[in-house]
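Printed here is coords27.cif (mmCIF, C-alpha atoms and all ligand atoms):
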```
data_data
#
loop_
_atom_site.label_atom_id
_atom_site.label_comp_id
_atom_site.auth_asym_id
_atom_site.auth_seq_id
_atom_site.Cartn_x
_atom_site.Cartn_y
_atom_site.Cartn_z
CA ILE A 6 4.16 77.90 -94.30
CA SER A 7 2.80 78.46 -97.78
CA ARG A 8 3.69 81.66 -99.63
CA SER A 9 0.23 81.66 -101.20
CA PRO A 10 -2.31 84.27 -100.10
CA PHE A 11 -4.94 81.53 -100.56
CA LEU A 12 -3.37 79.47 -97.79
CA ASN A 13 -1.48 81.84 -95.57
CA TYR A 14 -3.56 84.69 -94.21
CA THR A 15 -1.55 87.76 -93.32
CA LYS A 16 -3.07 90.67 -91.43
CA THR A 17 -2.08 93.22 -93.99
CA ILE A 18 -1.92 93.35 -97.75
CA GLU A 19 1.47 92.61 -99.23
CA ASP A 20 3.01 93.71 -102.49
CA GLU A 21 3.07 91.14 -105.30
CA ASN A 22 0.16 89.20 -103.80
CA LEU A 23 -3.29 88.57 -105.16
CA ALA A 24 -6.11 90.60 -103.59
CA LEU A 25 -9.73 91.16 -104.49
CA LEU A 26 -11.01 94.66 -104.95
CA TYR A 27 -14.59 94.30 -103.75
CA LEU A 28 -16.76 96.95 -105.39
CA ARG A 29 -20.15 95.34 -105.00
CA ARG A 30 -21.43 91.90 -104.09
CA ASP A 31 -21.40 91.01 -107.79
CA ILE A 32 -18.27 92.94 -108.81
CA GLN A 33 -14.99 91.74 -107.40
CA ILE A 34 -11.83 92.47 -109.33
CA PRO A 35 -8.77 90.28 -108.78
CA ILE A 36 -5.52 92.25 -108.80
CA ILE A 37 -1.92 91.23 -108.32
CA LEU A 38 -0.51 94.12 -106.34
CA ASN A 39 2.37 95.96 -107.88
CA ALA A 40 3.34 99.14 -106.10
CA GLN A 41 6.74 99.42 -107.77
CA ASP A 42 5.49 100.10 -111.27
CA ARG A 43 6.49 103.51 -112.63
CA ASP A 44 5.25 104.80 -115.90
CA ASP A 45 7.35 106.58 -118.49
CA GLU A 46 5.99 109.96 -117.47
CA GLY A 47 7.46 109.68 -114.03
CA TYR A 48 4.33 108.79 -112.10
CA HIS A 49 5.02 106.27 -109.43
CA GLU A 50 1.80 105.28 -107.78
CA GLY A 51 2.34 101.69 -108.85
CA LYS A 52 -0.16 99.99 -111.10
CA VAL A 53 -3.61 101.50 -111.01
CA ALA A 54 -6.89 99.56 -110.88
CA ASN A 55 -9.35 101.68 -112.85
CA THR A 56 -12.94 100.86 -111.94
CA ARG A 57 -16.35 102.42 -112.37
CA PHE A 58 -16.01 103.63 -108.78
CA GLY A 59 -12.72 105.37 -109.39
CA SER A 60 -9.01 104.64 -109.62
CA PHE A 61 -7.10 102.69 -107.00
CA PRO A 62 -3.32 103.04 -107.27
CA HIS A 63 -1.70 99.93 -105.83
CA SER A 64 0.61 102.05 -103.69
CA THR A 65 -2.45 103.11 -101.68
CA LEU A 66 -3.38 99.49 -101.02
CA ILE A 67 -0.16 97.97 -99.72
CA GLY A 68 0.11 97.57 -95.97
CA VAL A 69 -3.54 98.23 -95.15
CA ARG A 70 -5.49 95.64 -93.19
CA TRP A 71 -7.66 93.19 -95.07
CA GLY A 72 -11.27 94.31 -95.15
CA SER A 73 -10.34 98.01 -95.10
CA GLN A 74 -12.39 100.48 -97.02
CA ILE A 75 -10.20 102.26 -99.56
CA ARG A 76 -11.19 105.61 -101.06
CA ALA A 77 -10.57 106.05 -104.76
CA SER A 78 -7.80 108.49 -105.54
CA THR A 79 -7.84 111.45 -107.88
CA VAL A 80 -5.32 109.83 -110.18
CA ASP A 81 -7.00 109.87 -113.55
CA THR A 82 -4.94 107.43 -115.54
CA GLY A 83 -7.73 107.12 -118.08
CA SER A 84 -7.52 110.68 -119.33
CA ARG A 85 -3.80 110.97 -118.63
CA GLY A 86 -2.98 108.30 -121.19
CA ARG A 87 0.45 107.53 -122.52
CA GLY A 88 2.33 110.60 -123.76
CA LYS A 89 -0.42 112.96 -122.52
CA ARG A 90 0.57 114.87 -119.50
CA ASN A 91 -1.67 116.05 -116.75
CA GLN A 92 0.60 118.81 -115.49
CA LYS A 93 -1.58 119.67 -112.55
CA ARG A 94 -1.54 116.14 -111.15
CA LYS A 95 2.17 115.78 -111.79
CA LEU A 96 2.92 118.98 -109.89
CA GLU A 97 0.74 117.85 -107.04
CA ASP A 98 2.58 114.56 -106.92
CA GLU A 99 5.96 116.27 -106.87
CA ALA A 100 4.78 118.57 -104.13
CA GLN A 101 4.02 115.45 -102.11
CA ASP A 102 7.71 114.69 -101.90
CA SER A 103 7.44 111.73 -104.24
CA ASP A 104 6.21 109.46 -101.50
CA VAL A 105 4.52 106.61 -103.34
CA THR A 106 2.08 106.01 -100.52
CA LYS A 107 0.89 109.62 -100.52
CA VAL A 108 -1.46 109.72 -103.43
CA PRO A 109 -3.99 112.43 -102.60
CA VAL A 110 -7.58 111.38 -102.09
CA ARG A 111 -10.60 113.39 -103.18
CA ALA A 112 -13.30 113.73 -100.56
CA ASP A 113 -16.15 112.83 -102.91
CA SER A 114 -14.53 109.83 -104.58
CA GLY A 115 -15.91 106.28 -104.56
CA PHE A 116 -14.56 103.43 -102.48
CA ALA A 117 -13.88 99.73 -102.49
CA HIS A 118 -12.95 97.11 -99.95
CA LEU A 119 -9.92 94.91 -100.21
CA ILE A 120 -10.52 91.29 -99.35
CA PRO A 121 -8.15 88.33 -99.31
CA PRO A 122 -8.51 85.72 -102.03
CA THR A 123 -10.33 82.49 -101.22
CA PRO A 124 -11.27 79.61 -103.53
CA GLU A 125 -14.88 80.84 -103.25
CA ASN A 126 -14.30 84.42 -104.37
CA TRP A 127 -11.73 83.29 -106.94
CA THR A 128 -14.38 81.03 -108.51
CA THR A 129 -16.76 83.96 -108.93
CA SER A 130 -14.14 86.43 -110.16
CA LEU A 131 -11.70 84.34 -112.22
CA PRO A 132 -11.31 84.84 -115.96
CA HIS A 133 -13.51 82.13 -117.46
CA ARG A 134 -11.83 80.12 -120.19
CA THR A 135 -14.20 77.18 -119.82
CA GLN A 136 -17.24 76.17 -117.81
CA VAL A 137 -16.11 76.05 -114.21
CA VAL A 138 -17.00 74.02 -111.15
CA TYR A 139 -18.83 76.24 -108.65
CA THR A 140 -18.46 76.19 -104.90
CA HIS A 141 -21.62 74.23 -104.08
CA ASP A 142 -20.33 71.38 -106.25
CA SER A 143 -16.63 71.58 -105.37
CA SER A 144 -17.26 71.66 -101.63
CA TYR A 145 -19.52 68.60 -101.82
CA ILE A 146 -17.13 66.76 -104.15
CA LEU A 147 -14.09 67.42 -101.96
CA GLN A 148 -15.77 66.20 -98.80
CA ARG A 149 -17.08 63.05 -100.56
CA LEU A 150 -13.54 62.41 -101.84
CA ARG A 151 -12.39 62.84 -98.23
CA ALA A 152 -9.88 65.43 -99.41
CA ARG A 153 -7.89 66.65 -96.42
CA PRO A 154 -4.32 67.70 -95.60
CA GLY A 155 -2.10 65.01 -97.08
CA THR A 156 -4.48 63.86 -99.82
CA ILE A 157 -2.96 63.42 -103.26
CA ILE A 158 -5.68 64.32 -105.74
CA ILE A 159 -5.64 63.86 -109.51
CA GLU A 160 -7.66 66.46 -111.43
CA ALA A 161 -8.43 66.50 -115.17
CA GLY A 162 -9.11 68.71 -117.08
CA ALA A 163 -7.96 71.70 -115.18
CA GLY A 164 -9.79 74.20 -117.43
CA SER A 165 -10.00 77.60 -115.75
CA GLY A 166 -8.59 76.31 -112.46
CA SER A 167 -11.67 76.89 -110.33
CA PHE A 168 -11.66 73.37 -108.86
CA THR A 169 -7.85 73.43 -108.69
CA HIS A 170 -7.93 76.30 -106.18
CA ALA A 171 -10.60 74.63 -104.03
CA ALA A 172 -8.60 71.38 -104.07
CA CYS A 173 -5.41 73.22 -103.07
CA ARG A 174 -6.97 74.52 -99.88
CA ALA A 175 -8.46 71.11 -99.04
CA VAL A 176 -5.24 69.08 -99.42
CA TYR A 177 -2.67 71.63 -98.26
CA GLY A 178 -0.39 70.32 -95.50
CA HIS A 179 1.08 66.89 -94.61
CA GLY A 180 2.47 66.58 -98.14
CA GLY A 181 -0.88 66.95 -99.93
CA LYS A 182 -0.69 67.64 -103.68
CA VAL A 183 -2.91 68.38 -106.65
CA LEU A 184 -1.83 66.48 -109.78
CA SER A 185 -3.54 68.41 -112.52
CA PHE A 186 -3.86 67.75 -116.28
CA GLU A 187 -4.99 69.92 -119.18
CA PHE A 188 -4.56 69.11 -122.88
CA HIS A 189 -5.44 72.53 -124.33
CA GLN A 190 -2.11 74.35 -124.70
CA PRO A 191 -3.24 77.99 -124.16
CA ARG A 192 -5.38 76.98 -121.15
CA TYR A 193 -2.50 74.99 -119.72
CA GLU A 194 -0.13 77.96 -120.10
CA LYS A 195 -2.60 80.45 -118.65
CA LEU A 196 -3.27 78.28 -115.63
CA GLN A 197 0.42 77.64 -115.09
CA ALA A 198 1.03 81.41 -115.05
CA GLU A 199 -1.88 81.93 -112.64
CA LEU A 200 -0.67 79.24 -110.27
CA GLN A 201 2.75 80.90 -110.20
CA ALA A 202 1.21 84.32 -109.59
CA HIS A 203 -0.90 82.82 -106.77
CA LYS A 204 2.15 81.00 -105.37
CA LEU A 205 0.41 77.67 -105.63
CA ASP A 206 2.89 76.17 -108.09
CA ASP A 207 4.63 74.16 -105.36
CA LEU A 208 1.33 72.52 -104.41
CA VAL A 209 0.03 71.82 -107.93
CA GLU A 210 1.85 69.70 -110.49
CA LEU A 211 0.21 70.84 -113.73
CA ARG A 212 0.87 68.75 -116.84
CA HIS A 213 0.05 69.38 -120.47
CA ARG A 214 -1.43 66.01 -121.42
CA ASP A 215 -4.34 64.24 -123.09
CA VAL A 216 -5.26 61.96 -120.22
CA CYS A 217 -7.64 59.81 -122.29
CA GLN A 218 -4.80 58.86 -124.59
CA ASP A 219 -1.70 59.14 -122.44
CA GLY A 220 -2.91 58.61 -118.88
CA PHE A 221 -1.85 60.19 -115.61
CA GLU A 222 1.72 59.01 -115.09
CA GLY A 223 4.65 61.31 -114.43
CA SER A 224 4.45 62.21 -110.77
CA ASP A 225 6.39 60.72 -107.86
CA HIS A 226 3.17 60.95 -105.86
CA LYS A 227 0.47 58.30 -105.84
CA ALA A 228 -3.11 59.53 -105.74
CA ASN A 229 -5.87 58.50 -103.36
CA ALA A 230 -8.52 60.83 -104.84
CA VAL A 231 -9.51 61.59 -108.43
CA PHE A 232 -11.75 64.23 -109.98
CA LEU A 233 -12.53 64.03 -113.72
CA ASP A 234 -14.22 67.01 -115.39
CA LEU A 235 -13.85 65.73 -118.96
CA PRO A 236 -16.25 65.25 -121.87
CA ALA A 237 -15.51 61.49 -121.96
CA PRO A 238 -14.33 60.44 -118.48
CA TRP A 239 -14.84 56.72 -119.27
CA LEU A 240 -11.90 56.92 -121.70
CA ALA A 241 -9.59 58.02 -118.89
CA LEU A 242 -10.69 55.38 -116.36
CA LYS A 243 -8.52 52.60 -117.80
CA HIS A 244 -5.40 54.65 -116.97
CA LEU A 245 -6.28 54.86 -113.28
CA THR A 246 -4.38 51.75 -112.28
CA ARG A 247 -2.12 50.10 -109.73
CA PRO A 248 0.76 49.97 -110.37
CA GLY A 249 0.38 53.36 -111.99
CA PRO A 250 -0.82 56.71 -110.70
CA LEU A 251 -2.96 55.32 -107.85
CA ALA A 252 -1.84 54.61 -104.30
CA ARG A 253 -1.62 50.89 -103.66
CA ASP A 254 -2.05 50.93 -99.92
CA LYS A 255 -5.14 53.13 -99.77
CA ALA A 256 -8.72 53.10 -101.00
CA VAL A 257 -9.07 55.55 -103.89
CA ARG A 258 -12.17 57.73 -104.19
CA ILE A 259 -13.27 59.13 -107.55
CA CYS A 260 -15.79 61.69 -108.76
CA THR A 261 -16.69 62.36 -112.38
CA PHE A 262 -18.61 65.46 -113.42
CA SER A 263 -20.83 65.12 -116.51
CA PRO A 264 -23.74 67.23 -117.73
CA CYS A 265 -25.58 64.42 -119.59
CA ILE A 266 -27.08 61.21 -118.28
CA GLU A 267 -25.71 59.27 -121.28
CA GLN A 268 -22.19 60.20 -120.18
CA VAL A 269 -23.06 58.96 -116.69
CA GLN A 270 -24.29 55.62 -118.07
CA ARG A 271 -21.08 54.99 -119.97
CA THR A 272 -18.94 56.04 -117.02
CA VAL A 273 -20.83 53.82 -114.57
CA GLY A 274 -20.61 50.82 -116.95
CA ASP A 275 -16.85 51.16 -117.31
CA MET A 276 -16.38 51.74 -113.59
CA ARG A 277 -18.13 48.43 -112.86
CA ASN A 278 -15.90 46.59 -115.34
CA LEU A 279 -12.77 48.08 -113.82
CA GLY A 280 -13.57 47.07 -110.25
CA TRP A 281 -14.86 50.32 -108.81
CA VAL A 282 -17.48 49.79 -106.13
CA ASP A 283 -20.09 51.79 -104.20
CA ILE A 284 -20.99 53.62 -107.40
CA GLU A 285 -23.51 56.36 -106.83
CA MET A 286 -24.79 59.34 -108.79
CA VAL A 287 -25.69 62.63 -107.14
CA GLU A 288 -27.05 65.86 -108.55
CA ILE A 289 -26.67 69.04 -106.56
CA THR A 290 -29.39 71.58 -107.19
CA ALA A 291 -28.87 74.94 -105.63
CA ARG A 292 -32.11 76.68 -104.80
CA ARG A 293 -32.42 80.04 -103.13
CA PHE A 294 -34.81 80.27 -100.18
CA GLU A 295 -36.16 83.56 -99.01
CA VAL A 296 -37.03 83.22 -95.34
CA ARG A 297 -38.84 86.00 -93.56
CA ARG A 298 -41.23 86.69 -90.76
CA ASP A 299 -44.52 87.96 -92.09
CA ARG A 300 -45.90 90.74 -89.99
CA VAL A 301 -49.57 90.96 -89.17
CA GLY A 302 -49.61 94.64 -90.01
CA HIS A 303 -50.05 95.56 -86.37
CA GLN A 304 -47.35 98.23 -86.38
CA GLU A 305 -48.44 101.75 -85.46
CA GLU A 306 -49.24 102.73 -89.02
CA GLY A 307 -50.91 99.44 -89.90
CA LEU A 308 -53.04 99.49 -86.80
CA LYS A 309 -54.21 103.01 -87.50
CA GLY A 310 -55.37 101.88 -90.92
CA VAL A 311 -57.19 98.89 -89.50
CA ASN A 312 -58.67 100.90 -86.67
CA SER A 313 -59.78 103.92 -88.62
CA ASN A 314 -62.96 102.38 -89.95
CA ALA A 315 -63.44 99.81 -87.22
CA ALA A 316 -66.36 100.20 -84.87
CA SER A 317 -64.45 98.69 -81.96
CA VAL A 318 -61.13 97.21 -80.94
CA ASP A 319 -62.76 93.79 -81.24
CA GLU A 320 -63.58 94.46 -84.84
CA ALA A 321 -60.04 95.69 -85.53
CA VAL A 322 -58.61 92.57 -83.94
CA SER A 323 -60.79 90.28 -85.96
CA ARG A 324 -59.80 92.10 -89.13
CA LEU A 325 -56.14 91.67 -88.23
CA ALA A 326 -56.72 87.97 -87.70
CA GLU A 327 -58.32 87.79 -91.11
CA ILE A 328 -55.40 89.54 -92.76
CA GLN A 329 -52.87 87.27 -91.13
CA LYS A 330 -54.87 84.21 -92.02
CA ARG A 331 -54.78 85.22 -95.67
CA MET A 332 -51.06 85.91 -95.52
CA ILE A 333 -50.02 82.53 -94.24
CA HIS A 334 -52.38 80.53 -96.48
CA GLY A 335 -52.73 77.99 -93.76
CA ASP A 336 -55.47 76.61 -91.66
CA ASP A 337 -53.91 77.91 -88.43
CA GLU A 338 -56.96 80.09 -87.99
CA GLU A 339 -57.29 79.21 -84.38
CA ARG A 340 -53.71 80.04 -83.55
CA VAL A 341 -53.83 83.39 -85.35
CA THR A 342 -57.03 84.42 -83.60
CA LYS A 343 -55.55 83.39 -80.28
CA GLN A 344 -52.41 85.39 -80.97
CA CYS A 345 -54.45 88.50 -81.73
CA ARG A 346 -56.64 88.02 -78.68
CA LEU A 347 -53.60 87.70 -76.45
CA ALA A 348 -52.18 90.86 -77.98
CA LYS A 349 -55.41 92.66 -77.25
CA ILE A 350 -55.33 91.63 -73.59
CA LYS A 351 -51.72 92.69 -73.31
CA GLU A 352 -52.53 96.04 -74.89
CA ALA A 353 -55.35 96.58 -72.43
CA GLN A 354 -53.02 95.73 -69.54
CA THR A 355 -50.11 97.87 -70.61
CA GLY A 356 -51.87 100.63 -72.53
CA ARG A 357 -49.28 100.17 -75.27
CA LYS A 358 -49.79 98.99 -78.81
CA LEU A 359 -47.93 95.80 -79.61
CA HIS A 360 -46.18 94.38 -82.60
CA ILE A 361 -47.58 91.01 -83.44
CA GLU A 362 -44.93 88.90 -85.06
CA GLY A 363 -46.22 86.73 -87.86
CA TYR A 364 -45.04 83.25 -88.71
CA LEU A 365 -41.72 82.44 -90.26
CA THR A 366 -42.44 81.77 -93.90
CA HIS A 367 -40.24 80.90 -96.82
CA ARG A 368 -40.50 81.13 -100.52
CA SER A 369 -38.19 79.14 -102.77
CA GLU A 370 -37.29 79.65 -106.38
CA ILE A 371 -39.62 77.51 -108.46
CA GLU A 372 -36.87 76.42 -110.81
CA ALA A 373 -33.43 75.53 -109.57
CA LYS A 374 -31.26 77.57 -111.91
CA LEU A 375 -28.01 75.77 -111.44
CA HIS A 376 -28.21 72.36 -113.06
CA THR A 377 -24.54 71.91 -113.63
CA SER A 378 -23.72 68.26 -113.84
CA TYR A 379 -24.29 64.80 -112.51
CA LEU A 380 -21.68 63.66 -110.05
CA VAL A 381 -20.69 60.00 -110.11
CA PHE A 382 -18.84 58.77 -107.04
CA ALA A 383 -17.09 55.44 -106.61
CA ILE A 384 -14.37 53.73 -104.61
CA LEU A 385 -11.53 51.49 -105.68
CA PRO A 386 -10.79 49.40 -102.58
CA MET A 387 -7.31 49.09 -101.24
CA GLU A 388 -5.31 46.44 -103.08
CA TRP A 389 -4.99 43.22 -101.08
CA SER A 390 -2.71 40.50 -102.42
CA GLU A 391 -2.07 36.94 -101.18
CA ASP A 392 1.19 38.23 -99.69
CA ASP A 393 -0.69 40.93 -97.77
CA GLU A 394 -3.01 38.24 -96.44
CA VAL A 395 -0.12 36.00 -95.33
CA LYS A 396 1.60 38.97 -93.67
CA ALA A 397 -1.60 39.89 -91.89
CA GLN A 398 -2.11 36.29 -90.71
CA ASN A 399 1.43 36.12 -89.34
CA GLN A 400 1.32 39.49 -87.70
CA VAL A 401 1.78 39.17 -83.97
CA ILE A 402 -0.84 41.24 -82.25
CA PRO A 403 0.58 42.48 -78.96
CA ASP A 404 -1.27 41.45 -75.86
CA PRO A 405 -3.11 44.50 -74.50
N1 LIG A 501 -12.83 71.85 -113.71
C1 LIG A 501 -12.44 73.04 -114.44
C2 LIG A 501 -12.69 74.27 -113.59
O1 LIG A 501 -13.28 74.15 -112.49
O2 LIG A 501 -12.27 75.37 -113.98
C3 LIG A 501 -13.17 73.14 -115.74
C4 LIG A 501 -12.87 72.01 -116.67
S1 LIG A 501 -13.47 72.26 -118.31
C5 LIG A 501 -15.16 71.98 -118.18
C6 LIG A 501 -12.90 70.81 -119.10
C7 LIG A 501 -11.44 70.90 -119.48
O3 LIG A 501 -10.98 69.60 -119.81
C8 LIG A 501 -11.18 71.78 -120.69
O4 LIG A 501 -10.27 72.78 -120.36
C9 LIG A 501 -10.58 70.81 -121.70
O5 LIG A 501 -9.55 71.40 -122.48
C10 LIG A 501 -10.02 69.72 -120.83
N2 LIG A 501 -9.93 68.39 -121.45
C11 LIG A 501 -10.87 67.79 -122.23
N3 LIG A 501 -10.45 66.57 -122.60
C12 LIG A 501 -9.23 66.40 -122.04
C13 LIG A 501 -8.28 65.34 -122.07
N4 LIG A 501 -8.52 64.21 -122.74
N5 LIG A 501 -7.12 65.49 -121.37
C14 LIG A 501 -6.87 66.62 -120.67
N6 LIG A 501 -7.73 67.66 -120.63
C15 LIG A 501 -8.89 67.56 -121.31
#
```

Could you render the structure from this file as structure tokens?
Ligand code: SAM
Amino acid sequence: ISRSPFLNYTKTIEDENLALLYLRRDIQIPIILNAQDRDDEGYHEGKVANTRFGSFPHSTLIGVRWGSQIRASTVDTGSRGRGKRNQKRKLEDEAQDSDVTKVPVRADSGFAHLIPPTPENWTTSLPHRTQVVYTHDSSYILQRLRARPGTIIIEAGAGSGSFTHAACRAVYGHGGKVLSFEFHQPRYEKLQAELQAHKLDDLVELRHRDVCQDGFEGSDHKANAVFLDLPAPWLALKHLTRPGPLARDKAVRICTFSPCIEQVQRTVGDMRNLGWVDIEMVEITARRFEVRRDRVGHQEEGLKGVNSNAASVDEAVSRLAEIQKRMIHGDDEERVTKQCRLAKIKEAQTGRKLHIEGYLTHRSEIEAKLHTSYLVFAILPMEWSEDDEVKAQNQVIPDP
């Protein structure tokens, strides 16, 4: 079982693990829990996450169930500062018998929720050192690469590690590995430290390497999937060879991720020359749809308004039909009128006013905001030598 909180879900939050402090949908703060930290003034609430919604000492977070709502504590580490002593707080702490889990909570303080890390929330909360691959792309890429437990995937460049985390979850189990490459020294070091902190370092082999110049060698594992997020992926293609870093006995699937069509053209040309087949380019455009049911306005209040000046119920009903017709911009006039007429009959029968549900409508964003990159997919078929053919011919197929 993996030690990583990304792969092994525990019920409660454990010390020294990564967790996300969820303040709002758009504010999630990753924290590595450390309840043992004591400062030089003798406070011992562990590290403290200071947020706009208050302070959250790590000692108040350990052992609670994932998803719990946590109240901010009164610990004011901001004003306490180093060397400055908040005597009142200190005395209160001492009065609490020095129990690190007993940090007093103010009734009117803010709150946060603690949620377990996933590749999705890590992608939206990670420290950006480069452009990153977002979930709508990485999920599509990984399924097209047929990444699954046991897959050995090559990834270059690793950048901020967004795709690395998604790949880890996809290939984890049955000996799956991520063979990752990054040539920028500080990024390589930062990602290495992160992978250790996230306990993913046994799943990811990260190498500091210029793959365009020096290739992908160095691992005992042979890859059957490749993802290249590089400015010039065509320069790296020639290193994806057999013998070499690719599995000989399996088809290898590749995806390259390039923002410009010129990069795609060069990549596709070189793929053809190197024997890759089934080459295809895909662009993912994420577009937000707002789906809702438009009401006719036949709720109590709405009906009053319509009725107030109407000479009769018939007139009110025809006005409602008119309103709904305008709202749906369609030529379903007949259907709307029928719907209102039926409602009128029902009202007469029951003596109760009815809600008339409108049609389901949707509005989409006019512009898709997320042009990220073009994805080029291709396959390098399994190697098949004359020897393989002879062996296959001589193979005795057992009689069923
Ligand atoms: N896929 C990453 C993610 O999801 O966080 C982002 C990758 S970023 C756009 C591209 C990375 O490729 C950069 O960190 C860059 O340093 C690295 N890179 C560029 N050329 C490289 C090369 N020849 N060898 C290795 N890494 C390279």

Using only C-alpha atoms and all ligand atoms for the distances, tell me which of A:Lys195, A:Arg258, A:His63, A:Arg214 is nearest to ligand LIG 501 (chain A). A:Arg214

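Pairwise distance (atom CA of A:Trp281, atom CA of A:Glu391) equals 20.0 Å.
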
Using only C-alpha atoms and all ligand atoms, I'd like a table of the residues in chain A that come within 10 Å of ligand LIG 501 (chain A); for each, show the closest atom pair and its distance in Å rounded to one decimal, ordered by chain and ascending number, as JSON lines.
```
{"residue": "A:Thr128", "atom": "CA", "partner": "A:LIG501", "partner_atom": "O1", "distance": 8.0}
{"residue": "A:Leu131", "atom": "CA", "partner": "A:LIG501", "partner_atom": "O2", "distance": 9.2}
{"residue": "A:Pro132", "atom": "CA", "partner": "A:LIG501", "partner_atom": "O2", "distance": 9.7}
{"residue": "A:His133", "atom": "CA", "partner": "A:LIG501", "partner_atom": "O2", "distance": 7.7}
{"residue": "A:Arg134", "atom": "CA", "partner": "A:LIG501", "partner_atom": "O4", "distance": 7.5}
{"residue": "A:Thr135", "atom": "CA", "partner": "A:LIG501", "partner_atom": "S1", "distance": 5.2}
{"residue": "A:Gln136", "atom": "CA", "partner": "A:LIG501", "partner_atom": "C5", "distance": 4.7}
{"residue": "A:Val137", "atom": "CA", "partner": "A:LIG501", "partner_atom": "O1", "distance": 3.8}
{"residue": "A:Val138", "atom": "CA", "partner": "A:LIG501", "partner_atom": "O1", "distance": 4.0}
{"residue": "A:Tyr139", "atom": "CA", "partner": "A:LIG501", "partner_atom": "O1", "distance": 7.1}
{"residue": "A:Thr140", "atom": "CA", "partner": "A:LIG501", "partner_atom": "O1", "distance": 9.4}
{"residue": "A:Asp142", "atom": "CA", "partner": "A:LIG501", "partner_atom": "O1", "distance": 9.8}
{"residue": "A:Ser143", "atom": "CA", "partner": "A:LIG501", "partner_atom": "O1", "distance": 8.3}
{"residue": "A:Glu160", "atom": "CA", "partner": "A:LIG501", "partner_atom": "N1", "distance": 7.8}
{"residue": "A:Ala161", "atom": "CA", "partner": "A:LIG501", "partner_atom": "N6", "distance": 5.6}
{"residue": "A:Gly162", "atom": "CA", "partner": "A:LIG501", "partner_atom": "O3", "distance": 3.4}
{"residue": "A:Ala163", "atom": "CA", "partner": "A:LIG501", "partner_atom": "C1", "distance": 4.7}
{"residue": "A:Gly164", "atom": "CA", "partner": "A:LIG501", "partner_atom": "O4", "distance": 3.3}
{"residue": "A:Ser165", "atom": "CA", "partner": "A:LIG501", "partner_atom": "O2", "distance": 3.6}
{"residue": "A:Gly166", "atom": "CA", "partner": "A:LIG501", "partner_atom": "O2", "distance": 4.1}
{"residue": "A:Ser167", "atom": "CA", "partner": "A:LIG501", "partner_atom": "O1", "distance": 3.8}
{"residue": "A:Phe168", "atom": "CA", "partner": "A:LIG501", "partner_atom": "O1", "distance": 4.1}
{"residue": "A:Thr169", "atom": "CA", "partner": "A:LIG501", "partner_atom": "O1", "distance": 6.7}
{"residue": "A:His170", "atom": "CA", "partner": "A:LIG501", "partner_atom": "O1", "distance": 8.5}
{"residue": "A:Ala171", "atom": "CA", "partner": "A:LIG501", "partner_atom": "O1", "distance": 8.9}
{"residue": "A:Ser185", "atom": "CA", "partner": "A:LIG501", "partner_atom": "C14", "distance": 9.0}
{"residue": "A:Phe186", "atom": "CA", "partner": "A:LIG501", "partner_atom": "C14", "distance": 5.4}
{"residue": "A:Glu187", "atom": "CA", "partner": "A:LIG501", "partner_atom": "N6", "distance": 3.8}
{"residue": "A:Phe188", "atom": "CA", "partner": "A:LIG501", "partner_atom": "C14", "distance": 4.1}
{"residue": "A:His189", "atom": "CA", "partner": "A:LIG501", "partner_atom": "O5", "distance": 4.6}
{"residue": "A:Gln190", "atom": "CA", "partner": "A:LIG501", "partner_atom": "O5", "distance": 8.3}
{"residue": "A:Pro191", "atom": "CA", "partner": "A:LIG501", "partner_atom": "O5", "distance": 9.3}
{"residue": "A:Arg192", "atom": "CA", "partner": "A:LIG501", "partner_atom": "O4", "distance": 6.5}
{"residue": "A:Tyr193", "atom": "CA", "partner": "A:LIG501", "partner_atom": "O4", "distance": 8.1}
{"residue": "A:Leu196", "atom": "CA", "partner": "A:LIG501", "partner_atom": "O2", "distance": 9.6}
{"residue": "A:Arg212", "atom": "CA", "partner": "A:LIG501", "partner_atom": "C14", "distance": 8.9}
{"residue": "A:His213", "atom": "CA", "partner": "A:LIG501", "partner_atom": "C14", "distance": 7.5}
{"residue": "A:Arg214", "atom": "CA", "partner": "A:LIG501", "partner_atom": "C14", "distance": 5.5}
{"residue": "A:Asp215", "atom": "CA", "partner": "A:LIG501", "partner_atom": "N5", "distance": 3.5}
{"residue": "A:Val216", "atom": "CA", "partner": "A:LIG501", "partner_atom": "N5", "distance": 4.2}
{"residue": "A:Cys217", "atom": "CA", "partner": "A:LIG501", "partner_atom": "N4", "distance": 4.5}
{"residue": "A:Gln218", "atom": "CA", "partner": "A:LIG501", "partner_atom": "N4", "distance": 6.8}
{"residue": "A:Asp219", "atom": "CA", "partner": "A:LIG501", "partner_atom": "N5", "distance": 8.4}
{"residue": "A:Gly220", "atom": "CA", "partner": "A:LIG501", "partner_atom": "N5", "distance": 8.4}
{"residue": "A:Phe221", "atom": "CA", "partner": "A:LIG501", "partner_atom": "N5", "distance": 9.4}
{"residue": "A:Phe232", "atom": "CA", "partner": "A:LIG501", "partner_atom": "N1", "distance": 8.6}
{"residue": "A:Leu233", "atom": "CA", "partner": "A:LIG501", "partner_atom": "N1", "distance": 7.8}
{"residue": "A:Asp234", "atom": "CA", "partner": "A:LIG501", "partner_atom": "N1", "distance": 5.3}
{"residue": "A:Leu235", "atom": "CA", "partner": "A:LIG501", "partner_atom": "C11", "distance": 4.9}
{"residue": "A:Pro236", "atom": "CA", "partner": "A:LIG501", "partner_atom": "C11", "distance": 6.0}
{"residue": "A:Ala237", "atom": "CA", "partner": "A:LIG501", "partner_atom": "N3", "distance": 7.2}
{"residue": "A:Pro238", "atom": "CA", "partner": "A:LIG501", "partner_atom": "N4", "distance": 8.1}
{"residue": "A:Leu240", "atom": "CA", "partner": "A:LIG501", "partner_atom": "N4", "distance": 8.1}
{"residue": "A:Ala241", "atom": "CA", "partner": "A:LIG501", "partner_atom": "N4", "distance": 7.4}
{"residue": "A:Phe262", "atom": "CA", "partner": "A:LIG501", "partner_atom": "N1", "distance": 8.6}
{"residue": "A:Ser263", "atom": "CA", "partner": "A:LIG501", "partner_atom": "C5", "distance": 9.1}
{"residue": "A:Pro264", "atom": "CA", "partner": "A:LIG501", "partner_atom": "C5", "distance": 9.8}
```
